Amino acid sequence: MVEVLLVLAVAAPLVAAGLTAVLGPRILRERSHIPAVAGVAVAFLASALLAGWWFITAPAGGSEAAQQFTLDPAAGPLIPHLGREMLVTLWTWTKVDEALQAPSLPGSASPVVRPFDISITLRVDALTLFMLVTVTSVSLLVVIYSIGYMAGDPGYWRFFAYISLFVFSMMMLVSVSNFLLLYVFWEAVGLCSYLLIGFWYSRPAAAAAGKKAFLVNRVGDFGFALGVFLLWITYGTLNMHDTPAVPGILGEMRLVSGPQGFVGGSLGIAICLLLFLGACGKSAQFPLHVWLPDAMEGPTPVSALIHAATMVTAGVYLVVRCAPLFQVAPEAQLVVTCIGTFTALLAALIALTQTDLKRILAYSTISQLGYMFAAAGLSTTLAVAAAMFHLFTHAFFKALLFLSAGSVMHATGGEIDIRRLGGLGRKLPVTQAMFLIGALALAGVFPLAGFWSKDSILHEIALQVGQMPLAEIVFWGLLVGAFLTAFYIFRAYFLAFFGPEKLPEVAISAHSSAHEFSGQGHAVHESPPVMLVPMILLACGAVAAGWIYFLPGGVVGLLESTPSLAGGLGGPAVEVGGDQEAHSSGGSALQSAEKLAQQVPWLGSAAAIGGILLAAILYLPFGRGLVEQLTKITKAAGLYTISYGKFFFDEVYELLIVRPLRGLSEWCYAVDQRGIDQSAVDGTGEAVLTAGRMVRGLGHGMLSGYALLMIAAVVIFLGLWLL
Amino acid sequence: MEVLLVVSLFLPTLGAVFIWTGAAPARQTALAVSLVVLAAALALLSAYPASVLPTQKVPGEFAVIEDLGWLGVTTPWLDIRLSVGLDGLSILFYVLTALLTLVAVLVSWEDIRHGPRAFYGHLMLLETGMLGVFAARDLILFYIFFELTLLPLFFLIGIWGSEARQYAAIKFFLFTLAGSVLTFIALLAISLWHGYHSGRLTFSIPEITAGLAARPMELTTQLVLFLGLFAGFAIKVPLVPLHTWLPLAHVEAPTAGSILLAGILLKVGSYGFVRFCLPMLPEATIACLPWLIVLSVAGIVYGSLVALAQRDLKRLIAYSSIGHLGFCMLGVFSLSRVAVAGGVLQMINHGISTGALFALVGMIYERFHTRQIADFGGLARRLPVWAFFMGLMVLASIGLPGLNGFAGEVMVLVGFFQRTWAEAHCPAGWFPLFAPLSVLAVLGVVLGAWYMLWMTERVVFGPLRLPGCGPEAGTLAHPPVGHLAGESSGTENSSHSVSDLKPREVWALAPLAVLVAWIGVHPGFFIRFLEPTIWHLTAPADRALARRLAQEGPQELFAVDQVPGWFATWHSSGSQVPAAPAEKVKPPSKPYERQMPGDFAGPPTDEDTPLASEATKAGLGGAKLVEFVPRKQSG
């Protein structure tokens, strides 16, 4: 029964995608949203029901009871259940018997013979449910919003078919229980992203952005694929769960023995870093972050759903899911945390000077994902929970911000350059309010969602100060990032909604030129209710999503029944503390770290308020002169140019990677044509012809010549014989 | 079943005779014949024995005809037999041949204006040749069919091709013939050697396979013969650098020729490697394995790189074929089970998706008479159905998960990775070569996506550009709304009134599209057919490789751990000090660091769980739990 619910949740969007694709162009036409909305709604309801059932039937007493013992007759001894998971196997994708035959795997002493067995198995556990509910709830709201936003677009049915396909892929991504299948849906969401970025494919910029997104992601997937291959030869399976024959990579049989169940060392580090490379691609972390800003060429609901709320968080999900693997590779953890922090700062710095509203939000997304990675890299259950918490709240407020931006575009005929906008507040009061709520939540102002989740992350990092190298830098870096975040988002807010009324001409003229809109001649106007209602609901989320913090047990309480989070995490922390010297030195460090952690709410709020105030001083009408001065100074120092130029990553990549490869390919082609084909191959042919020509002289038909040859030959052979 | 096999094998020849003599209309006869053959092939497929019978000489073999009453009867001293049969390896190729011939017949329907009689006659004859190659159980018969594929295709390219057709046809013919003559000599020598040592001259492939498995040749003999076989098969595959006939032949060939050339004829080479080299000359194969792997990976990377420089659609797809065939051969030569299965599956996949891509390019060539990428743009707006199929096949070709290319590629890569990096899989001498190659091969996947998506961006997406009309007004970054809205009205400023795909063309592509999705979603269904036979055929090479491993010793992996100093210090000073009791996130009443009931304080003993015993062997000491684990050889 419950299994049916899961399959239903996943299948509904797929069916919707199929229906829309088949019926959309001819029959449904401007009603093409019906299957998509229905499908996503079913997915949401089923996920919510499943989550409700999951938590209601949770063993009473919470975590303690979750670790009930059961007698496994095959194994003999007691096997503690670390967490709770439910598996539904649909069919076997492929199976090759006796695929891996090795004298031993790192985890076992006896010779092993393992099948290459990839089964389509769905799993339900707390982490998956958390993601499912996040994904489906935001998806549902965005799909409804799209009814209004995409109205009149010639590709209306295509949009809803793609987006249903995306919801399906994303749900599968978080619920499959096999790393190869995770990779499959990892790429599938990438495909949907590619199709939706290039949705208005006749714009060259959109087509190019789609291709760029796909290729940059492919680079990340290259790492992911290598990581999966390494997992296969290291663990002899790709399943996360245990099967009767083989312990899964994240199965309880492994988890129960703590860190010993996992392979560390350079192999462990390699696996984690390769997986993280994949996560960097999908979640737009440095150095693979370059695709996400360009992805804003897609329709705004897509930016909200795929490139802010859901798909880009897949990387965080991956790192969180693999937390036990990361835990035996501390170096990899450190890399994840540092890359996350660096990206968070880098993107925030770029966002300071951007003028395209959607790109500001895109860089903000990159930055916020950096926060999640900074926490996820710590791999303790609390930190991982903080990362997931931020993922959850971010989904709401960032989607809200994007949808508000979309509402602005809807009103102004596609104009989103904040230099050409101003004073929109009077015309678009609801949109302004929505944007404000989103901005406050993003900035992390009490008591909105962002405050709780961002502070949880900072809190966890603060606790590491003194224990983890660089933790101090990470902490202060992220705090500065919080200040920058508040500044850039309120800069955008003040510029767009305050000041003298500035409206783009296109919006006033009879026809909007961006074919994104149906082109009805209009003055600037507020969006229809079908767009506003989802925004208002998201705004409720942006306000209240952080309050799951107050649930009994907190966010950790929601997630800790996940086997991979309940099992090993915290384990090595307890053990390593046994080292006497480390313990004594760690003791004092611990106290100062705790002190720092207690100040986090104040520090965080100060950063947020400071950023907002600075933005207000500079960008509200009375500060205009100041900002020009500031721009002049920073321009003179080159800082403005660097930030505005996005640190010139695109240019550097073009110069260092794209051009040389293109050159190499041209060179290879030249070699192919001249070196191989014309020289070697045609040369062989020529040589044969030439040889023929040379011999042809012999067949001249003169008898005396033949006689001479014969005599010469006889003489030679005689000579040879005599010798 | 045997009747079906014979009928499907020779019906096309009969059809060719009818068509040539003018006794039947060319197109309709060809269509009818190819439909019947396809039906027969499918019936054969459904009759595939699920279980391996003890009577089979080759596991998975069925529909065997020992002799159709030919030379075997009349010339008992020269035991050449008209012996045909199918097994797990050939049955899928057999069906694919029947299917692609049908596609070729359909796409040529209006394309071939002059001489349809001769064209379809050749096409039918070619079908017999291709089917025969896969069905032959006799060396001589195999070679006859092998050569029989050559002549009709020579005429197809030379008569119905594009501008440089004659040059291309002659190059194709001579190149292939030069190799196949050597192959023929080597095949003859193999059977003579076998005849000499077993006392009975036979050309039966299963018998020779079994005989040579029982009593292998000396290594030098094997090596010489291997070179002979290699000459023919490597040219046919083609492996770099013997590939230059292929782009030329593809570009000049008519659409039907390209489809069959890419879809089936290239597979004859890789099929030959699996059918002859691996089981008959295992030691030589192993001796040459590093070279073969280098050539395969070179094909993947080089083919992709050169494809990136192409400006002609057909040429681009031709070079992409070289990359894909590189994957097939890499799989076969990796000799790990997953890879071999994946490699053979990838041969089928390539036949489907590249065959379809050539068909699609042919369809727009028929409409616009150009294949230059620069001439096209935004075809998705004018030819949405075509664009759908093109997009699907492009995605299949770049190995998008859920479609067929992924299933093959990922299995090949998993297998090769396992051969290189898994413990006790890679002879020590090979490892330094294989390690970079294994990474390069995966990089080839990125390159593959690049050129294909670049082509798609130009041709399918972007502003509408049709040959001869110049760029449209819609090249503006923000074209007016009415432009897209009017896409169905067909009143745009184009002199061409180009129609989207006709039902005939859709019917030609639909089965391929279904297969692309089917193999992608459930490759296990197809692997099941292959399994018994390919394990049988690769077993001798497997054993040879095992001997080599025993001789040379496997590569020691991760024996020495190089850790940067500052990491090590951090590490030993105790990295993961517990998170302090977190009042903030959790109520203090429930301290987080609870003790696990499974006795977390100490490492579990061996008796705890099956896994625990595995875990303690992992080399992790109890004192420092987060230890750098050297992977130890446990001989």
# chains A, B, ... in the order shown; residues from 1 in each chain; ligands from 1
call {"tool": "residues_around", "arguments": {"residues": "Gln28 in chain B", "least_positions_apart": "5", "cutoff": "10 Å", "atoms": "only C-alpha atoms", "output": "list in words"}}
result
Ile19, Val33, Ser34, Val105, Trp109 and Tyr120 of chain B
call {"tool": "residues_around", "arguments": {"residues": "His250 in chain B", "least_positions_apart": "3", "cutoff": "8 Å", "atoms": "only C-alpha atoms", "output": "ChimeraX atom specification"}}
result
/B:246-247,253,257-258,261,314-315,318
call {"tool": "residues_around", "arguments": {"residues": "range 224-238 of chain B", "least_positions_apart": "3", "cutoff": "8 Å", "atoms": "only C-alpha atoms", "output": "ChimeraX atom specification"}}
result
/B:175-187,189-190,220-221,242-243,246,265-270,272-273,277,281,284-285,322,325
call {"tool": "write_last_selection", "arguments": {"atoms": "C-alpha atoms", "output": "short mmCIF file (atom, residue, chain, number, x, y, z; two decimals), in the first residue's frame"}}
result
data_model
loop_
_atom_site.label_atom_id
_atom_site.label_comp_id
_atom_site.auth_asym_id
_atom_site.auth_seq_id
_atom_site.Cartn_x
_atom_site.Cartn_y
_atom_site.Cartn_z
CA PHE B 175 40.90 -0.65 -48.84
CA THR B 176 38.47 -3.27 -47.61
CA LEU B 177 39.53 -5.84 -50.13
CA ALA B 178 43.19 -5.47 -49.27
CA GLY B 179 42.41 -6.26 -45.67
CA SER B 180 39.94 -9.02 -46.31
CA VAL B 181 42.30 -10.93 -48.57
CA LEU B 182 44.76 -11.14 -45.71
CA THR B 183 41.92 -12.17 -43.43
CA PHE B 184 40.98 -14.90 -45.86
CA ILE B 185 44.50 -16.25 -45.94
CA ALA B 186 44.61 -16.25 -42.17
CA LEU B 187 41.25 -18.02 -41.94
CA ALA B 189 45.62 -21.10 -42.45
CA ILE B 190 43.68 -21.54 -39.23
CA THR B 220 54.22 -17.20 -32.88
CA THR B 221 51.77 -18.93 -35.19
CA LEU B 242 42.90 2.55 -40.88
CA HIS B 243 39.72 4.59 -40.97
CA LEU B 246 35.01 5.56 -43.88
CA LEU B 265 28.96 -3.44 -42.21
CA LEU B 266 31.18 -1.84 -39.61
CA LYS B 267 29.90 -4.40 -37.15
CA VAL B 268 31.19 -7.19 -39.35
CA GLY B 269 34.67 -6.17 -38.26
CA SER B 270 33.94 -6.08 -34.55
CA GLY B 272 34.85 -10.89 -36.53
CA PHE B 273 37.06 -10.00 -33.60
CA CYS B 277 40.17 -13.63 -32.72
CA LEU B 281 43.80 -16.93 -31.16
CA ALA B 284 47.93 -13.59 -29.58
CA THR B 285 44.98 -11.41 -28.62
CA ILE B 322 34.83 6.02 -35.26
CA LEU B 325 33.27 1.86 -32.54
#
call {"tool": "closest_atom_pairs", "arguments": {"of": "range 108-227 of chain A", "to": "range 34-38 of chain A", "cutoff": "10 Å", "atoms": "only C-alpha atoms", "output": "Markdown table"}}
result
| residue | atom | partner | partner_atom | distance |
| --- | --- | --- | --- | --- |
| A:Ser139 | CA | A:Val37 | CA | 9.3 |
| A:Leu140 | CA | A:Val37 | CA | 6.8 |
| A:Leu141 | CA | A:Val37 | CA | 9.2 |
| A:Val142 | CA | A:Val37 | CA | 9.7 |
| A:Val143 | CA | A:Val37 | CA | 6.3 |
| A:Ile144 | CA | A:Val37 | CA | 6.6 |
| A:Ser146 | CA | A:Val37 | CA | 9.9 |
| A:Ile147 | CA | A:Val37 | CA | 9.1 |
| A:Trp157 | CA | A:Ala36 | CA | 9.5 |
| A:Phe159 | CA | A:Ala36 | CA | 9.7 |
| A:Phe160 | CA | A:Ala36 | CA | 5.9 |
| A:Ala161 | CA | A:Ala36 | CA | 7.1 |
| A:Tyr162 | CA | A:Ala36 | CA | 9.4 |
| A:Ile163 | CA | A:Ala36 | CA | 7.7 |
| A:Ser164 | CA | A:Ala36 | CA | 5.7 |
| A:Leu165 | CA | A:Ala36 | CA | 9.2 |
| A:Val167 | CA | A:Ala36 | CA | 9.6 |
call {"tool": "write_last_selection", "arguments": {"atoms": "C-alpha atoms", "output": "compact mmCIF listing (two decimals), in the first residue's frame"}}
result
# COMPACT_ATOMS: atom_id res chain seq x y z
CA SER A 139 7.25 22.33 -8.08
CA LEU A 140 3.51 22.43 -7.61
CA LEU A 141 3.52 26.14 -6.84
CA VAL A 142 5.84 26.96 -9.72
CA VAL A 143 3.81 24.90 -12.17
CA ILE A 144 0.67 26.76 -11.18
CA SER A 146 3.61 29.04 -14.98
CA ILE A 147 0.00 28.81 -16.14
CA TRP A 157 2.62 22.37 -24.22
CA PHE A 159 7.01 23.75 -21.47
CA PHE A 160 4.67 21.66 -19.36
CA ALA A 161 5.87 18.41 -20.88
CA TYR A 162 9.47 19.30 -20.03
CA ILE A 163 8.68 20.47 -16.56
CA SER A 164 6.70 17.32 -15.73
CA LEU A 165 9.62 15.29 -17.02
CA VAL A 167 9.77 16.71 -11.70
call {"tool": "select_by_dssp", "arguments": {"residues": "range 329-554 of chain B", "states": "alpha helix (DSSP H)", "output": "ChimeraX atom specification"}}
result
/B:329-334,337-368,379-382,384-397,404-421,431-459,481-485,503-521,523-552
call {"tool": "closest_residue", "arguments": {"among": "A:Tyr317, A:Phe214, A:Phe490, A:Phe286", "to": "Leu196 in chain A", "atoms": "only C-alpha atoms"}}
result
A:Phe214
call {"tool": "residues_around", "arguments": {"residues": "Ala482 in chain A", "least_positions_apart": "4", "cutoff": "8 Å", "atoms": "only C-alpha atoms", "output": "tab-separated table (two decimals) with C-alpha atoms, in the first residue's frame"}}
result
chain	number	residue	atom	x	y	z
A	443	ALA	CA	19.42	38.14	4.13
A	444	GLY	CA	18.69	36.09	7.22
A	478	LEU	CA	30.73	32.93	5.61
A	486	ALA	CA	22.09	41.25	2.57
A	604	GLY	CA	24.56	36.79	11.86
A	607	ALA	CA	25.78	41.12	9.34
A	608	ALA	CA	22.30	41.04	7.82
call {"tool": "atom_distance", "arguments": {"atom1": "CA of Phe402 in chain A", "atom2": "CA of Ala304 in chain A"}}
result
5.1 Å
call {"tool": "closest_residue", "arguments": {"among": "A:Pro299, A:Gly223, A:Gly645, A:Gly340", "to": "chain B", "atoms": "only C-alpha atoms"}}
result
A:Gly223
call {"tool": "closest_residue", "arguments": {"among": "B:Gly355, B:Pro432, B:Pro241, B:Pro511", "to": "chain A", "atoms": "only C-alpha atoms"}}
result
B:Pro241
call {"tool": "atom_distance", "arguments": {"atom1": "CA of Leu400 in chain B", "atom2": "CA of Asp153 in chain A"}}
result
28.2 Å
call {"tool": "residues_around", "arguments": {"residues": "range 379-383 of chain B", "least_positions_apart": "4", "cutoff": "6 Å", "atoms": "only C-alpha atoms", "output": "PyMOL selection string"}}
result
chain B and resi 387+460+500
call {"tool": "closest_residue", "arguments": {"among": "A:Leu613, A:Ile473, A:Val184, A:Leu305", "to": "Asn404 in chain B", "atoms": "only C-alpha atoms"}}
result
A:Val184
call {"tool": "closest_residue", "arguments": {"among": "A:Gly220, A:Gly155, A:Gly413, A:Pro25", "to": "Leu443 in chain B", "atoms": "only C-alpha atoms"}}
result
A:Gly220
call {"tool": "residues_around", "arguments": {"residues": "Leu92 in chain B", "least_positions_apart": "3", "cutoff": "8 Å", "atoms": "only C-alpha atoms", "output": "JSON, numbers by chain"}}
result
{"B": [45, 88, 89, 95, 96, 348, 529]}
call {"tool": "closest_residue", "arguments": {"among": "A:Val658, A:Ile418, A:Leu273, A:Leu428", "to": "chain B", "atoms": "only C-alpha atoms"}}
result
A:Val658
call {"tool": "decode", "arguments": {"residues": "range 236-299 of chain B", "atoms": "C-alpha atoms", "output": "PDB file, in the first residue's frame"}}
result
ATOM      1  CA  LYS B 236      36.274  -2.925 -41.385  1.00  0.00           C
ATOM      2  CA  VAL B 237      35.675  -1.638 -37.842  1.00  0.00           C
ATOM      3  CA  PRO B 238      37.588   0.753 -38.552  1.00  0.00           C
ATOM      4  CA  LEU B 239      40.287   1.240 -35.989  1.00  0.00           C
ATOM      5  CA  VAL B 240      42.412   4.363 -36.188  1.00  0.00           C
ATOM      6  CA  PRO B 241      44.546   4.836 -38.336  1.00  0.00           C
ATOM      7  CA  LEU B 242      42.896   2.553 -40.881  1.00  0.00           C
ATOM      8  CA  HIS B 243      39.718   4.592 -40.975  1.00  0.00           C
ATOM      9  CA  THR B 244      40.136   7.115 -43.733  1.00  0.00           C
ATOM     10  CA  TRP B 245      37.976   5.258 -46.212  1.00  0.00           C
ATOM     11  CA  LEU B 246      35.014   5.561 -43.880  1.00  0.00           C
ATOM     12  CA  PRO B 247      34.221   9.293 -43.821  1.00  0.00           C
ATOM     13  CA  LEU B 248      34.674   9.450 -47.553  1.00  0.00           C
ATOM     14  CA  ALA B 249      32.466   6.466 -48.215  1.00  0.00           C
ATOM     15  CA  HIS B 250      29.817   7.797 -45.836  1.00  0.00           C
ATOM     16  CA  VAL B 251      29.761  11.253 -47.330  1.00  0.00           C
ATOM     17  CA  GLU B 252      29.511  10.002 -50.872  1.00  0.00           C
ATOM     18  CA  ALA B 253      27.180   7.068 -50.295  1.00  0.00           C
ATOM     19  CA  PRO B 254      23.442   7.405 -50.820  1.00  0.00           C
ATOM     20  CA  THR B 255      21.460   7.486 -47.591  1.00  0.00           C
ATOM     21  CA  ALA B 256      20.623   3.793 -47.719  1.00  0.00           C
ATOM     22  CA  GLY B 257      24.265   2.961 -48.231  1.00  0.00           C
ATOM     23  CA  SER B 258      25.319   5.078 -45.269  1.00  0.00           C
ATOM     24  CA  ILE B 259      22.733   3.482 -43.012  1.00  0.00           C
ATOM     25  CA  LEU B 260      23.788  -0.038 -43.844  1.00  0.00           C
ATOM     26  CA  LEU B 261      27.466   0.790 -43.893  1.00  0.00           C
ATOM     27  CA  ALA B 262      27.356   2.337 -40.427  1.00  0.00           C
ATOM     28  CA  GLY B 263      24.693   0.096 -39.010  1.00  0.00           C
ATOM     29  CA  ILE B 264      25.809  -3.326 -40.172  1.00  0.00           C
ATOM     30  CA  LEU B 265      28.965  -3.440 -42.214  1.00  0.00           C
ATOM     31  CA  LEU B 266      31.179  -1.836 -39.612  1.00  0.00           C
ATOM     32  CA  LYS B 267      29.897  -4.397 -37.151  1.00  0.00           C
ATOM     33  CA  VAL B 268      31.192  -7.187 -39.349  1.00  0.00           C
ATOM     34  CA  GLY B 269      34.665  -6.170 -38.261  1.00  0.00           C
ATOM     35  CA  SER B 270      33.940  -6.083 -34.553  1.00  0.00           C
ATOM     36  CA  TYR B 271      31.851  -9.245 -34.907  1.00  0.00           C
ATOM     37  CA  GLY B 272      34.855 -10.891 -36.534  1.00  0.00           C
ATOM     38  CA  PHE B 273      37.058 -10.004 -33.597  1.00  0.00           C
ATOM     39  CA  VAL B 274      34.625 -11.599 -31.165  1.00  0.00           C
ATOM     40  CA  ARG B 275      33.874 -14.599 -33.347  1.00  0.00           C
ATOM     41  CA  PHE B 276      37.378 -15.462 -34.498  1.00  0.00           C
ATOM     42  CA  CYS B 277      40.174 -13.629 -32.722  1.00  0.00           C
ATOM     43  CA  LEU B 278      39.143 -14.089 -29.105  1.00  0.00           C
ATOM     44  CA  PRO B 279      38.260 -17.813 -29.193  1.00  0.00           C
ATOM     45  CA  MET B 280      40.704 -19.004 -31.846  1.00  0.00           C
ATOM     46  CA  LEU B 281      43.799 -16.927 -31.165  1.00  0.00           C
ATOM     47  CA  PRO B 282      43.530 -16.099 -27.464  1.00  0.00           C
ATOM     48  CA  GLU B 283      47.249 -15.862 -26.648  1.00  0.00           C
ATOM     49  CA  ALA B 284      47.929 -13.588 -29.582  1.00  0.00           C
ATOM     50  CA  THR B 285      44.984 -11.414 -28.622  1.00  0.00           C
ATOM     51  CA  ILE B 286      46.320 -11.083 -25.107  1.00  0.00           C
ATOM     52  CA  ALA B 287      49.811 -10.366 -26.397  1.00  0.00           C
ATOM     53  CA  CYS B 288      48.456  -7.572 -28.586  1.00  0.00           C
ATOM     54  CA  LEU B 289      45.900  -6.401 -26.059  1.00  0.00           C
ATOM     55  CA  PRO B 290      47.686  -3.218 -24.948  1.00  0.00           C
ATOM     56  CA  TRP B 291      47.967  -2.143 -28.579  1.00  0.00           C
ATOM     57  CA  LEU B 292      44.369  -2.970 -29.262  1.00  0.00           C
ATOM     58  CA  ILE B 293      43.266  -0.973 -26.234  1.00  0.00           C
ATOM     59  CA  VAL B 294      45.422   1.945 -27.322  1.00  0.00           C
ATOM     60  CA  LEU B 295      43.864   1.858 -30.766  1.00  0.00           C
ATOM     61  CA  SER B 296      40.363   1.683 -29.299  1.00  0.00           C
ATOM     62  CA  VAL B 297      40.870   4.617 -26.963  1.00  0.00           C
ATOM     63  CA  ALA B 298      42.649   6.508 -29.721  1.00  0.00           C
ATOM     64  CA  GLY B 299      39.544   5.920 -31.808  1.00  0.00           C
TER      65      GLY B 299
END
